[in-house]
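Report on the structure given below.
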Amino acid sequence: MTSGFSQSDMSLIRVRDLSVRFAGTPPVHAVNSVSFDLAPGEVLGILGESGSGKSVTLKTLLRLLPERKATITGTVEIDGQDVLSLTGRGLADHRGGIVSMIFQDPSLALDPVYTIGQQIAESVIRHEGASKQDAMARALEMLELVRIPSAKQRLENYPHEMSGGMRQRAMIALALACRPKLLLADEPTTALDATVQIQILLLLRELQQEMGMGVIFVTHDIGVAVEVSDRLAVMYAGSFVETGSVKDVIRDARHPYSKGLLAANLVGAVPGTRLDAVPGAPPPLNALPEGCAFAPRCAVAEDLCLVSPVPLWSDGENRWARCVHAKREAARKDRMGAGN
Amino acid sequence: MLSFVLRRVLYTLPIMLGVSLVCFALVHISPGDPLVSILPPDASVELQEQMMAIYGFDRSYPEQFLRWLGLALQGDLGNSIATGRPVASEVFNAVGNTLILAITATIIGFVLGGLFGFVAGYFRDSWIDKLATAISVIGVSVPHYWLGMVMVIIFSVELRWLPATGAGPGGSSQWVWDWEHMQYLILPAVTMSVIPMGIVARTVRALVADILQQEFVSGLRAKGLLDRGVLAHVIKNAAPTALAVMGLQLGYLLGGSILIETVFSWPGTGFLLGQAIFQRDLPLLQGTILVLAMFFVILNLLVDVAQTSLDPRLQRG
Ligand SMILES: Nc1ncnc2c1ncn2[C@@H]1O[C@H](COP(=O)(O)OP(=O)(O)OP(=O)(O)O)[C@@H](O)[C@H]1O
Ligand SMILES: [Mg+2]
């Protein structure tokens with residue numbers, strides 16, 4: 001089988017051929033034919049340069065993109081629901097109930113004129129129909145869960161009265177308040193100090209294991225991605241170019257882009273390392289080249305790379321790369337294996 | 001919060017003192033002799049000096065100021081030169097009438113402007129937005145004495161629905177909240193509301209559009225709030241600024257209604273001010289301006305306090 005995607009009914013997420021275009025002249029192709037699965041309780045790290053479409057992909061899963069500007073095609077199923085066809089109350093139930101999101105900068109993502117307690121309670125009231133009192137009790141419980149000191153007083157705090165790390169803890173408490181099955185984390189530590197980053201990462205990993213939810217974790221930071229993920233997806237110019245288990249991708253990357261990233265960054269894979277080692281810049285998303293979008297920057301590019309669609313190589317399980325060379329290399333290895 | 005209010009009140013004291021100094025100085029910086037309008041042109045020098053003594057103009061300026069301020073604090077603003085009646089009671093009466101007009105106009109303007117602005121900002125770039133924006137631009141740019149006259153021509157002269165001038169039947173200036181009196185209020189209040197409506201609409205539109213761009217709105221949608229839940233957050237975020245703008249508009253209307261009050265002969269402070277200027281009635285002018293300025297200062301104070309109590313981010317420091 002060449003599709004390379006597991007067809008298990010157990011999937012929490014099933015995304016097929018997801019594309020997102022933003023209206024414009026010419027239109028911006030922010031996400032291009034992305035397909036992936038996520039099992040319940042699994043952590044997928046999405047790794048990619050700035051502007052590669054990571055946030056847009058996450059927002060699509062919550063349908064947070066501006067409806068008038070964004071055209072979404074493909075299939076997105078989460079917990080058996082067809083997300084792209086949700087509307088009104090169904091969509092609102094999906095958001096925050098099944099899927100929650102933590103944003104990059106918690107000082108922007110919380111409402112400045114509501115207290116932390118009110119903001120968490122509001123979510124509980126909305127999804128569980130709890131009374132105000134019960135919802136506040138849950139908010140307190142959540143603040144304690146994310147280990148905010150003197151949680152009871154913090155309930156009454158406004159976001160500006162907390163430190164950055166504290167705010168991100170509060171944001172996590174808010175996101176997890178209704179026990180979602182899937183947590184989307186969009187660079188949740190980028191805006192924080194290095195020491196605070198590590199604390200937040202450890203907290204997230206611990207809560208993920210405790211609550212058993214699936215997580216998609218977006219970052220530019222290879223060290224962080226390796227630290228928290230079970231599986232990695234490398235994103236380039238709106239496409240997933242390679243996915244596989246952390247171990248496989250790190251040891252034996254197949255796509256030249258992933259190889260470049262890893263070769264340059266893995267030596268000192270500490271949190272804080274940025275993806276900046278591959279020379280050149282990604283193509284503008286409103287003028288993508290035919291064929292492989294990475295070809296103009298690729299050291300081993302050839303004529304075949306300029307032809308669409310780019311062939312997909314897969315090991316038949318959960319590991320694949322979209323590259324002419326990966327496919328050919330694998331074939332050669334197979335032949336050598338057979339010739340022996 | 002309490003200490004903030006106290007501090008804010010303390011700040012206003014020097015402002016009030018400064019304002020009263022300016023009002024006092026007004027009489028002396030204005031060209032010509034303050035007594036020229038009551039003395040016959042051929043008055044003898046003795047008579048002039050006698051009058052100077054009666055009005056206290058022969059003392060030194062600081063002495064005159066302190067005396068005037070002392071009396072003003074006791075509610076004595078002197079007597080009108082034109083009518084001989086106490087300025088305080090004239091102004092008091094006019095202030096009441098102006099308040100009725102200005103508050104009614106502000107409420108109309110705020111409600112309509114807030115509504116237009118909110119809808120325009122929420123559905124930005126739609127035809128509703130364009131319509132609401134057009135209305136508010138027209139509201140701000142139309143000269144309102146002209147609008148006043150047009151309204152009088154339409155609703156009083158042609159349709160005969162509403163009275164054109166005055167503040168009550170038979171020229172009464174004693175306000176009562178009944179239909180007899182209220183029909184006199186409608187035309188001037190609606191005319192006057194047009195500017196605050198335009199300004200509030202513009203402010204609220206920009207505010208709402210800006211708030212909707214902010215990431216926390218995505219955050220609210222991401223946690224599953226329905227549209228009305230998001231709306232409540234937007235309103236609470238927009239309210240402090242919108243109310244501040246409304247307060248300032250009320251302030252302008254309290255002082256700046258001279259044209260409208262004149263067009264509709266509404267017996268308020270603007271009307272009074274006009275009379276005082278044309279008749280060179282300096283005590284009346286001084287007293288009216290002093291009272292209006294104090295109003296403005298106090299209103300600013302109230303707006304600040306209200307805004308602070310609504311916006312948690314302002315409560316520190
Ligand atoms: N609302 C929008 N309208 C038009 N274009 C958009 C919109 N949102 C995102 N884009 C475009 O989509 C592309 C991908 O953006 P995205 O935010 O997903 O990048 P990212 O991978 O998250 O980058 P970063 O690491 O900097 O957060 C960018 O070129 C961006 O300009
Ligand atoms: Mg992003």
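Every chain in the structure tokens has a letter given in the order shown (A, B, ...), and although residue numbers restart at 1 in each chain, ligands are simply numbered from 1 in the order shown.
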Problem - Residues of chain B within 12 Å of chain A, only C-alpha atoms counted, as a PyMOL selection string - result: chain B and resi 123-126+211-230+232-240+308-316
Practice task
Enumerate as a ChimeraX atom specification the residues within 9 Å of ligand 2, counting only C-alpha atoms and all ligand atoms.
Solution key: /A:50-56,58,104,186-187,218-219
Exercise for the section: Have a look at atom CA of Ile125 of chain A and atom CA of Leu207 of chain B and let me know their distance in Å, one decimal. Expected result: 27.9 Å
Practice task
Could you give me, as a ChimeraX atom specification, the residues within 9 Å of Val305 of chain B, counting only C-alpha atoms and dropping anything in the same chain fewer than 2 positions from it?
Solution key: /B:1,4-5,8,300-303,307-310
Using only N, CA and C atoms, please write the residues we just selected to a file, as a CSV table (one decimal), in the first residue's frame.
```csv
chain,number,residue,atom,x,y,z
B,1,MET,N,-8.9,52.0,44.9
B,1,MET,CA,-9.9,52.8,44.2
B,1,MET,C,-10.3,54.0,44.9
B,4,PHE,N,-7.7,56.5,44.8
B,4,PHE,CA,-7.6,57.1,43.5
B,4,PHE,C,-8.6,58.2,43.3
B,5,VAL,N,-9.8,58.0,43.8
B,5,VAL,CA,-10.9,59.0,43.7
B,5,VAL,C,-10.5,60.2,44.5
B,8,ARG,N,-7.8,62.1,42.7
B,8,ARG,CA,-8.3,62.7,41.5
B,8,ARG,C,-9.0,63.9,41.9
B,300,ASN,N,-15.3,65.9,33.7
B,300,ASN,CA,-14.0,65.2,33.5
B,300,ASN,C,-13.7,64.2,34.6
B,301,LEU,N,-13.9,64.8,35.8
B,301,LEU,CA,-13.6,63.9,37.0
B,301,LEU,C,-14.5,62.7,37.0
B,302,LEU,N,-15.8,62.9,36.8
B,302,LEU,CA,-16.7,61.8,36.8
B,302,LEU,C,-16.3,60.7,35.7
B,303,VAL,N,-16.0,61.3,34.5
B,303,VAL,CA,-15.6,60.4,33.4
B,303,VAL,C,-14.4,59.5,33.8
B,307,GLN,N,-14.5,55.5,34.1
B,307,GLN,CA,-13.7,54.8,33.2
B,307,GLN,C,-12.7,53.8,34.0
B,308,THR,N,-12.2,54.4,35.1
B,308,THR,CA,-11.2,53.6,35.9
B,308,THR,C,-11.9,52.4,36.5
B,309,SER,N,-13.1,52.7,37.0
B,309,SER,CA,-13.8,51.6,37.7
B,309,SER,C,-14.3,50.5,36.7
B,310,LEU,N,-14.4,50.9,35.4
B,310,LEU,CA,-14.8,49.9,34.5
B,310,LEU,C,-13.6,49.1,33.9
```
Practice task
Go through A:Ile198, A:Ala170, A:Leu47, A:Cys305 and flag the residue nearest Pro149 of chain A, using only C-alpha atoms for the distances.
Solution key: A:Ala170
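Using only C-alpha atoms and all ligand atoms, the nearest neighbour of ligand 1 within the list A:Glu67, A:Glu227, A:Asp37, A:Glu77 is A:Glu67.
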Handout entry: Long-range neighbours of segment 246-249 of chain A as a ChimeraX atom specification, 10 Å cut-off, only C-alpha atoms, 4 positions minimum in chain
Key = /A:44-45,225-234,242,253-255,258-259,262,319-320
Practice task
Compile the contact shell of Leu140 of chain A as number ranges by chain: residues with an atom at most 8 Å away, counting only C-alpha atoms, same-chain residues fewer than 3 positions apart removed.
Solution key: A: 117, 136-137, 143-144, 151-152, 155
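In this model, the gap between atom CA of Met294 of chain B and atom CA of Arg85 of chain B comes to 21.9 Å.
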Handout entry: Selection: 8 Å around Phe118 of chain B, only C-alpha atoms, excl. self and same-chain fewer than 6 positions, as an MDAnalysis selection string
Key = chainID B and resid 201 204:205 208
Residues just named, written with C-alpha atoms as an mmCIF file, in the first residue's frame:
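selection27.cif written:
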```cif
data_model
loop_
_atom_site.group_PDB
_atom_site.id
_atom_site.type_symbol
_atom_site.label_atom_id
_atom_site.label_comp_id
_atom_site.auth_asym_id
_atom_site.auth_seq_id
_atom_site.Cartn_x
_atom_site.Cartn_y
_atom_site.Cartn_z
ATOM 1 C CA ALA B 201 -20.514 55.979 16.014
ATOM 2 C CA VAL B 204 -17.328 52.697 18.568
ATOM 3 C CA ARG B 205 -16.845 51.412 15.029
ATOM 4 C CA VAL B 208 -15.152 47.248 17.830
#
```
Practice task
Write down as a PyMOL selection string the residues belonging to segment 101-315 of chain A that are assigned alpha helix (DSSP H) by DSSP computed on the backbone.
Solution key: chain A and resi 106-109+116-128+132-145+151-154+164-176+194-211+222-228+246-251+256-265
